[in-house]
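Note sheet for the following structure.
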Amino acid sequence: MSNSQPRIYLASQSPRRRELLNQIGVHFDLLLLRSDPRRQVDVDETPYLNEAPDSYVQRLSREKACAGFNALKYRNLPQNPVLAADTTVTLNGKILGKPDNAEQAAVMLRELSGREHQVLTAVAMAQDEQIEVRLSTSIVRFAPLSEAHIIRYLQSHEYADKAGGYAIQGQAAAFIEHLSGSYSGVMGLPLFETVQLLQHFNFPVL
C-alpha cells in the first residue's frame, strides 16, 4: 500500500470498524492507546448522572477522537485526522452497555426479547482544533426469545464487548424481526455518516 495515499487513524480496537472502513476503501492506521479490549481509547465510559443516551454516545465518540489526536502529538506521529466511534443500545431511554459476563448479557437479552430498542452510534473525527460528530439512530425489533435461544446464544460468546449483549453481524441476526436505520451503524460504524465526516475533512472517498 503506497504511503502517498491519504490516510486517517482509527482509534478503535473493533475488527468490525476496520472491516467497514475497508469496505469503503479508506486507508487507515490503527491508533491503539490501551491494551484492554473493552476500552477503545483512554476515555472513561461511565455515563454521567441522568445523561441522555444520545448525548452520552456523542460525548464518548468526541472524547475518544480528541484523545487519539492528542496522542499523535505526544508520539510525534503524522497528524492525520483521527476517527473514533461509540455505540450504545437503549431501551425506553435506559442505556444498555457492554455486559461484564454471561449473566449480565442474559438479563439484557431478556429485556430486549419481543421489543423494539434503539441503537445509537456516534462517529467523530478530530484534527488540530477541529472536531466534528455525526449520530446514527436505528430502531431494532427482536422476536420473542426463549430461554433456550438465550442460552445457546450465550454459548457463542458473541455477547462479549457488545453493547446490549449482541452482535447483529453474528448469530443474533436471527433474532431481528425488523431494522429501521443503518445496518452498518448497528455494527458500530455508520458508513453514510462516516463518509460525510471524511468529506467534511476533505478526505477523498468514493
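Simple scheme: letters A, B, ... for chains in C-alpha cells order, numbers from 1 for residues in each chain, numbers from 1 for ligands in the order shown.
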Per residue of region 6-104 of chain A within 7 Å of region 181-201 of chain A, note the shortest atom pair and the distance in Å to one decimal, counting only C-alpha atoms, and order the rows by chain and increasing residue number, as CSV.
residue,atom,partner,partner_atom,distance
A:Arg16,CA,A:Met187,CA,6.8
A:Arg17,CA,A:Leu189,CA,5.8
A:Leu20,CA,A:Leu189,CA,7.0
A:Ala85,CA,A:Leu189,CA,6.7
A:Thr87,CA,A:Gly188,CA,5.9
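Taking only C-alpha atoms, the non-local environment of region 44-53 of chain A within 7 Å (same-chain residues fewer than 4 positions away omitted) comprises A:Val57, A:Leu60, A:Thr90, A:Gly93, A:Ile95.
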Take the residues from that selection and put them in a file with C-alpha atoms, as a compact mmCIF listing (two decimals), in the first residue's frame.
# COMPACT_ATOMS: atom_id res chain seq x y z
CA VAL A 57 -22.71 8.36 22.82
CA LEU A 60 -17.74 9.48 24.15
CA THR A 90 -31.10 1.95 24.61
CA GLY A 93 -34.25 5.62 27.50
CA ILE A 95 -28.54 2.65 28.37
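The space between CA of Gly114 (chain A) and CA of Ser136 (chain A) spans 22.8 Å.
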List the spatial neighbours of region 101-111 of chain A as a compact mmCIF listing (two decimals) with N, CA and C atoms, in the first residue's frame - criterion: any atom at most 7 Å away, only C-alpha atoms, same-chain residues fewer than 5 positions off excluded.
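Result file is result-v3.txt:
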# COMPACT_ATOMS: atom_id res chain seq x y z
N ILE A 150 -31.65 -17.99 24.30
CA ILE A 150 -30.68 -17.15 25.01
C ILE A 150 -29.47 -17.98 25.45
N LEU A 154 -25.58 -17.38 24.35
CA LEU A 154 -24.52 -17.11 25.31
C LEU A 154 -23.34 -18.06 25.12
N TYR A 159 -21.65 -12.15 22.81
CA TYR A 159 -22.10 -11.02 23.62
C TYR A 159 -20.93 -10.19 24.15
N GLY A 164 -25.45 -3.89 24.52
CA GLY A 164 -26.70 -4.62 24.51
C GLY A 164 -26.54 -6.12 24.55
N GLY A 165 -25.32 -6.62 24.50
CA GLY A 165 -25.07 -8.04 24.62
C GLY A 165 -25.31 -8.85 23.36
Strand (DSSP E) per DSSP on the backbone: members of region 15-119 of chain A, as a PyMOL selection string: chain A and resi 28-30+82-91+94-96+116-119
Keeping only C-alpha atoms, take the residues you just selected and write them out as a PDB file, in the first residue's frame.
ATOM      1  CA  PHE A  28      -6.096   3.943   7.806  1.00  0.00           C
ATOM      2  CA  ASP A  29      -3.663   3.152  10.584  1.00  0.00           C
ATOM      3  CA  LEU A  30      -4.776   1.785  13.944  1.00  0.00           C
ATOM      4  CA  VAL A  82      -8.436  10.647  13.847  1.00  0.00           C
ATOM      5  CA  LEU A  83     -11.725   8.761  13.558  1.00  0.00           C
ATOM      6  CA  ALA A  84     -13.481   7.311  16.594  1.00  0.00           C
ATOM      7  CA  ALA A  85     -16.924   5.912  17.261  1.00  0.00           C
ATOM      8  CA  ASP A  86     -19.102   4.716  20.089  1.00  0.00           C
ATOM      9  CA  THR A  87     -22.236   2.565  20.066  1.00  0.00           C
ATOM     10  CA  THR A  88     -24.879   2.139  22.712  1.00  0.00           C
ATOM     11  CA  VAL A  89     -28.167   0.265  22.905  1.00  0.00           C
ATOM     12  CA  THR A  90     -31.100   1.949  24.614  1.00  0.00           C
ATOM     13  CA  LEU A  91     -34.422   0.565  25.758  1.00  0.00           C
ATOM     14  CA  LYS A  94     -32.129   3.182  29.534  1.00  0.00           C
ATOM     15  CA  ILE A  95     -28.543   2.654  28.373  1.00  0.00           C
ATOM     16  CA  LEU A  96     -27.603  -1.000  27.918  1.00  0.00           C
ATOM     17  CA  GLU A 116     -38.095  -2.550  19.977  1.00  0.00           C
ATOM     18  CA  HIS A 117     -34.928  -0.803  21.046  1.00  0.00           C
ATOM     19  CA  GLN A 118     -32.663   1.896  19.663  1.00  0.00           C
ATOM     20  CA  VAL A 119     -29.051   1.535  18.611  1.00  0.00           C
TER      21      VAL A 119
END
Shell around Arg62 (chain A) at 12 Å using only C-alpha atoms, local window under 5 positions removed, as a list in words: Ala11, Val41, Val43, Glu45, Ser55, Tyr56, Val57, Ala67, Gly68, Phe69, Val82, Leu83, Ala84, Ala85, Asp86, Thr121, Ala122, Val123, Ala124, Met125, Ala126, Gln127, Gln130, Ile131, Glu132, Val133, Arg134 and Leu135 of chain A
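The space between CA of Ala65 (chain A) and CA of Tyr9 (chain A) spans 9.5 Å.
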All residues 9 Å or closer to Ser180 (chain A), only C-alpha atoms, same chain fewer than 6 positions away omitted, as number ranges by chain: A: 137-141
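The spacing separating CA of Ala160 (chain A) from CA of Ala172 (chain A) amounts to 12.7 Å.
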DSSP-assigned alpha helix (DSSP H) members of chain A, reported as JSON, numbers by chain: {"A": [15, 16, 17, 18, 19, 20, 21, 22, 23, 53, 54, 55, 56, 57, 58, 59, 60, 61, 62, 63, 64, 65, 66, 67, 68, 69, 70, 71, 72, 73, 74, 75, 102, 103, 104, 105, 106, 107, 108, 109, 110, 111, 112, 147, 148, 149, 150, 151, 152, 153, 154, 155, 156, 183, 184, 185, 186, 187, 191, 192, 193, 194, 195, 196, 197, 198, 199, 200]}
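Using only C-alpha atoms, the smallest distance between any of A:Ser61, A:Asn80, A:Gln23, A:Asn202 and Arg7 (chain A) comes from A:Asn80.
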